[in-house]
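J.: Got a structure here, written out as structure tokens. Questions coming.
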Amino acid sequence: MGARVITVTSGKGGVGKTTATANISVALAQLGKKVVAIDADIGLRNLDVILGLENRIVYDLVDVVEGRCKLRQAMIKHKAYPDLYLIPAAQTRDKTAVSPSDMVDITQQLRDEFDFILIDSPAGIERGFRNAVAPADDVLIVTNPEVSSVRDADRIIGLLEAEEKGPGKLVINRVKIGMVRRGEMLSMEDVVDILAIKLIGVVPDDESVLLSSNRGEPAAGDLNSKAGQAFRNIARRLSGEEVPFMSLDGSESFFQRFVRFFSGSVSGPG
Amino acid sequence: MNQLLDRLMGRGNASGSAKIAKERLQFVLVHDRLDLSPEKLKELKDEILAVISKYVAIDRNNVEISIEQRKRDNWLVADIPLTPDDKKD
């Protein structure tokens, strides 16, 4: 059956879905996987700018659906990662221009040739979400350790279960390690306790993510970026590797705490 | 000294806002998932107790009925102490 279709969604907007999609796509391509990233956020196109491909768009997803171009013509090959392609969203249309069965058809045509097809879902629980989820083999739910996005993630998990696509796997994004240590931010354990689904990634809040979206070069390509490391770990887990989670939750060893306490330095996540 | 010990043991602030966030989320999600408001849940409890009281005497002061989350399933858990007849007299 070829490629696995992985949809990245969240319910709430602004939690880092597009950034996660871009970074996981890049990280999978770095592992030598053949990857297509599809922007399903029709009307609010963004995966192209995060991947640095905004100047190369000729055709988009709606052009494919409406037969104005061949699927191949809408696929933009990434220069830095030759195994990574983007199918951009249309910018001037809305979600009704695409149907769930269109998404199934398109992914069906790509499955033989690729290892992974990532779909960046729009926020919300309406048509755009249903489009993005229709072809999914796996769903990644991105949340921040914060009440409104966790609540929305729970709603999404409920909807996925109702559609027999669930429960999905959890990505906790923008974890502020210092705040978790002080007991002022939900920890990785808290969020997993509440949502009760399998965790696939924990991404620290990291300035390098903004710097890399400014440049259009996802942090996953930056070996010094902690968030990039977290996204690379997610890609490895998706490829079937067992990768231990970074300790972002304050669960450092006694020795690490001892050293940190007496040296006054903050030990970073591993 | 306690604070110093807490920091060495890696314990967060036990009264920090994260704990409050977790409790509030757990409460709101039970009602979200079941589409059952706190008022409706109270009605449900009252009716359960009324039905049981028709058959046996219960110790209302020590009743505990709550919804518990186990993985992604919700369970209505009831602890209802029954009062033997001889104590009633």
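Here, A, B, ... name the chains of the structure tokens in the order displayed, residue numbers run from 1 inside each chain, and ligands are numbered from 1 in the same displayed order.
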Which residues are close to Ala22 in chain A, i.e. within 7 Å by only C-alpha atoms, leaving aside same-chain residues fewer than 6 positions away? Reply as a list in words.

T.: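 What passes the distance filter is Leu47, Ile50, Leu51 and Pro218 of chain A.
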
J.: With only C-alpha atoms considered, list every residue of chain A at most 6 Å from chain B, as a compact mmCIF listing (two decimals) with N, CA, C and O atoms, in the first residue's frame.

T.:
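Below you can see out-v7.txt, which holds the result:
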```
# COMPACT_ATOMS: atom_id res chain seq x y z
N ARG A 181 9.04 23.36 35.58
CA ARG A 181 9.80 23.09 36.82
C ARG A 181 9.23 23.85 37.99
O ARG A 181 9.22 23.36 39.11
N ARG A 182 8.75 25.06 37.74
CA ARG A 182 8.20 25.86 38.84
C ARG A 182 6.77 25.48 39.16
O ARG A 182 6.15 26.07 40.04
N GLY A 183 6.20 24.53 38.42
CA GLY A 183 4.82 24.12 38.67
C GLY A 183 3.82 25.11 38.10
O GLY A 183 2.67 25.15 38.51
N GLU A 184 4.26 25.93 37.14
CA GLU A 184 3.37 26.95 36.59
C GLU A 184 2.96 26.63 35.16
O GLU A 184 2.35 27.46 34.48
N MET A 185 3.32 25.45 34.66
CA MET A 185 2.85 25.03 33.33
C MET A 185 2.59 23.54 33.39
O MET A 185 3.34 22.79 34.02
N LEU A 186 1.51 23.10 32.73
CA LEU A 186 1.19 21.67 32.67
C LEU A 186 2.41 20.92 32.14
O LEU A 186 3.01 21.34 31.16
N ALA A 196 -5.07 11.12 27.78
CA ALA A 196 -5.02 9.65 27.76
C ALA A 196 -4.86 9.08 26.34
O ALA A 196 -5.57 8.17 25.94
```

J.: Show which residues sit within 10 Å of Gln229 in chain A, as a list in words. Count only C-alpha atoms, and ignore same-chain residues fewer than 4 positions away.

T.: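 That gives Asn23, Ala27, Val203, Pro204, Ala219, Ala220, Gly221, Asp222, Leu223, Asn224, Ser225, Asn233, Ile234, Ala235, Met246 and Gly270 of chain A.
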
J.: Restricting it to N, CA, C and O atoms, dump the selection as a PDB file, in the first residue's frame.

T.:
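Written file, selection.pdb:
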```pdb
ATOM      1  N   ASN A  23       8.297  20.810   9.789  1.00  0.00           N
ATOM      2  CA  ASN A  23       9.490  20.255  10.428  1.00  0.00           C
ATOM      3  C   ASN A  23       9.534  18.737  10.364  1.00  0.00           C
ATOM      4  O   ASN A  23      10.589  18.150  10.135  1.00  0.00           O
ATOM      5  N   ALA A  27      12.295  16.553   8.465  1.00  0.00           N
ATOM      6  CA  ALA A  27      13.046  15.547   9.233  1.00  0.00           C
ATOM      7  C   ALA A  27      12.899  14.163   8.598  1.00  0.00           C
ATOM      8  O   ALA A  27      13.870  13.391   8.556  1.00  0.00           O
ATOM      9  N   VAL A 203       7.938  19.101  22.230  1.00  0.00           N
ATOM     10  CA  VAL A 203       8.797  20.101  21.594  1.00  0.00           C
ATOM     11  C   VAL A 203       8.950  21.301  22.513  1.00  0.00           C
ATOM     12  O   VAL A 203       7.959  21.906  22.915  1.00  0.00           O
ATOM     13  N   PRO A 204      10.189  21.644  22.868  1.00  0.00           N
ATOM     14  CA  PRO A 204      10.377  22.788  23.759  1.00  0.00           C
ATOM     15  C   PRO A 204      10.081  24.104  23.052  1.00  0.00           C
ATOM     16  O   PRO A 204      10.232  24.207  21.832  1.00  0.00           O
ATOM     17  N   ALA A 219      13.400  24.410  11.411  1.00  0.00           N
ATOM     18  CA  ALA A 219      14.386  24.153  12.461  1.00  0.00           C
ATOM     19  C   ALA A 219      14.894  22.715  12.462  1.00  0.00           C
ATOM     20  O   ALA A 219      15.979  22.441  12.971  1.00  0.00           O
ATOM     21  N   ALA A 220      14.112  21.809  11.892  1.00  0.00           N
ATOM     22  CA  ALA A 220      14.555  20.404  11.844  1.00  0.00           C
ATOM     23  C   ALA A 220      15.871  20.263  11.095  1.00  0.00           C
ATOM     24  O   ALA A 220      16.628  19.315  11.315  1.00  0.00           O
ATOM     25  N   GLY A 221      16.164  21.237  10.207  1.00  0.00           N
ATOM     26  CA  GLY A 221      17.419  21.200   9.457  1.00  0.00           C
ATOM     27  C   GLY A 221      18.581  21.806  10.225  1.00  0.00           C
ATOM     28  O   GLY A 221      19.720  21.770   9.760  1.00  0.00           O
ATOM     29  N   ASP A 222      18.298  22.360  11.402  1.00  0.00           N
ATOM     30  CA  ASP A 222      19.333  23.024  12.200  1.00  0.00           C
ATOM     31  C   ASP A 222      19.739  22.106  13.353  1.00  0.00           C
ATOM     32  O   ASP A 222      18.975  21.896  14.297  1.00  0.00           O
ATOM     33  N   LEU A 223      20.949  21.581  13.278  1.00  0.00           N
ATOM     34  CA  LEU A 223      21.383  20.583  14.263  1.00  0.00           C
ATOM     35  C   LEU A 223      21.539  21.164  15.660  1.00  0.00           C
ATOM     36  O   LEU A 223      21.582  20.440  16.647  1.00  0.00           O
ATOM     37  N   ASN A 224      21.629  22.499  15.765  1.00  0.00           N
ATOM     38  CA  ASN A 224      21.772  23.112  17.084  1.00  0.00           C
ATOM     39  C   ASN A 224      20.440  23.466  17.733  1.00  0.00           C
ATOM     40  O   ASN A 224      20.414  23.916  18.874  1.00  0.00           O
ATOM     41  N   SER A 225      19.352  23.290  16.999  1.00  0.00           N
ATOM     42  CA  SER A 225      18.050  23.685  17.535  1.00  0.00           C
ATOM     43  C   SER A 225      17.447  22.565  18.373  1.00  0.00           C
ATOM     44  O   SER A 225      17.316  21.431  17.920  1.00  0.00           O
ATOM     45  N   ASN A 233      13.204  13.733  16.313  1.00  0.00           N
ATOM     46  CA  ASN A 233      12.822  12.549  17.100  1.00  0.00           C
ATOM     47  C   ASN A 233      11.437  12.038  16.701  1.00  0.00           C
ATOM     48  O   ASN A 233      11.211  10.827  16.632  1.00  0.00           O
ATOM     49  N   ILE A 234      10.515  12.959  16.447  1.00  0.00           N
ATOM     50  CA  ILE A 234       9.169  12.555  16.022  1.00  0.00           C
ATOM     51  C   ILE A 234       9.258  11.786  14.700  1.00  0.00           C
ATOM     52  O   ILE A 234       8.636  10.729  14.530  1.00  0.00           O
ATOM     53  N   ALA A 235      10.067  12.316  13.778  1.00  0.00           N
ATOM     54  CA  ALA A 235      10.221  11.651  12.469  1.00  0.00           C
ATOM     55  C   ALA A 235      10.765  10.235  12.645  1.00  0.00           C
ATOM     56  O   ALA A 235      10.310   9.295  11.988  1.00  0.00           O
ATOM     57  N   MET A 246      12.891  13.563  25.282  1.00  0.00           N
ATOM     58  CA  MET A 246      13.772  14.526  25.935  1.00  0.00           C
ATOM     59  C   MET A 246      13.192  14.822  27.310  1.00  0.00           C
ATOM     60  O   MET A 246      11.978  14.837  27.473  1.00  0.00           O
ATOM     61  N   GLY A 270      17.936  16.829  26.976  1.00  0.00           N
ATOM     62  CA  GLY A 270      18.873  15.938  26.298  1.00  0.00           C
ATOM     63  C   GLY A 270      18.358  15.430  24.987  1.00  0.00           C
ATOM     64  O   GLY A 270      17.250  15.652  24.602  1.00  0.00           O
TER      65      GLY A 270
END
```

J.: Please extract the residues of range 30-89 of chain B with a backbone DSSP assignment of strand (DSSP E) and present them as a VMD selection string.

T.: chain B and resid 64 to 70 73 to 79

J.: What is the CA of Ala134 in chain A-CA of Pro100 in chain A distance in Å, reported with one decimal?

T.: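 CA of Pro100 in chain A lies 5.4 Å from CA of Ala134 in chain A.
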
J.: So which residues touch Gly124 in chain A within 8 Å, counting only C-alpha atoms, skipping near sequence neighbours fewer than 6 positions away, as a list in words?

T.: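 Surrounding residues, per the criterion: Ser10, Gly11, Lys12 and Gly13 of chain A.
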
J.: Identify, on the basis of only C-alpha atoms, every residue whose closest approach to Glu164 in chain A does not exceed 12 Å; exclude the query and any residue fewer than 3 positions from it along the same chain; express the result as an MDAnalysis selection string.

T.: chainID A and resid 133:139 157:161 167:168

J.: For His31 in chain B, list every protein, DNA or RNA residue within 12 Å, evaluated using only C-alpha atoms, and leave out those in the same chain fewer than 6 positions away; present the list as a list of chain:residue names.

T.: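 Listing them by chain and then by number gives A:Arg151, A:Asp154, A:Arg155, B:Arg24, B:Leu25, B:Ser37, B:Pro38, B:Glu39, B:Lys40, B:Leu41, B:Lys42, B:Ser66, B:Ile67, B:Glu68, B:Gln69, B:Asn74.
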
J.: Can you spit out the residues from that selection as a short mmCIF file (atom, residue, chain, number, x, y, z; two decimals), in the first residue's frame, using C-alpha atoms?

T.:
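And here is the file that came out, selection.cif:
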```
data_model
loop_
_atom_site.label_atom_id
_atom_site.label_comp_id
_atom_site.auth_asym_id
_atom_site.auth_seq_id
_atom_site.Cartn_x
_atom_site.Cartn_y
_atom_site.Cartn_z
CA ARG A 151 -9.56 21.15 25.76
CA ASP A 154 -9.77 16.46 23.60
CA ARG A 155 -12.67 17.46 21.37
CA ARG B 24 -10.04 22.58 35.95
CA LEU B 25 -9.38 20.73 32.70
CA SER B 37 -23.74 19.80 32.55
CA PRO B 38 -22.91 19.94 36.28
CA GLU B 39 -26.60 20.72 37.00
CA LYS B 40 -27.78 17.67 35.04
CA LEU B 41 -25.23 15.52 36.84
CA LYS B 42 -26.63 16.72 40.17
CA SER B 66 -18.66 10.90 40.72
CA ILE B 67 -17.45 10.45 37.17
CA GLU B 68 -14.02 8.96 36.87
CA GLN B 69 -11.79 8.93 33.84
CA ASN B 74 -15.71 7.60 31.70
#
```

J.: Need to verify the contact set: Asn62 in chain B, 12 Å, only C-alpha atoms, exclusion of same-chain residues closer than 4 positions in sequence. Can you return it as a count of residues only?

T.: 8

J.: Of the residues A:Leu44, A:Phe245, A:Ser212, A:Tyr59, which is the one nearest to Glu189 in chain A, using only C-alpha atoms?

T.: A:Phe245

J.: Would you work out the distance separating CA of Ile42 in chain A from CA of Leu195 in chain A, expressed in Å to one decimal?

T.: 28.7 Å

J.: From the list A:Asp39, A:Asp112, A:Asp63, A:Asp193, which residue is nearest Thr9 in chain A when using only C-alpha atoms?

T.: A:Asp39

J.: How far is it from CA of Ala227 in chain A to CA of Val243 in chain A, in Å with one decimal?

T.: 15.1 Å
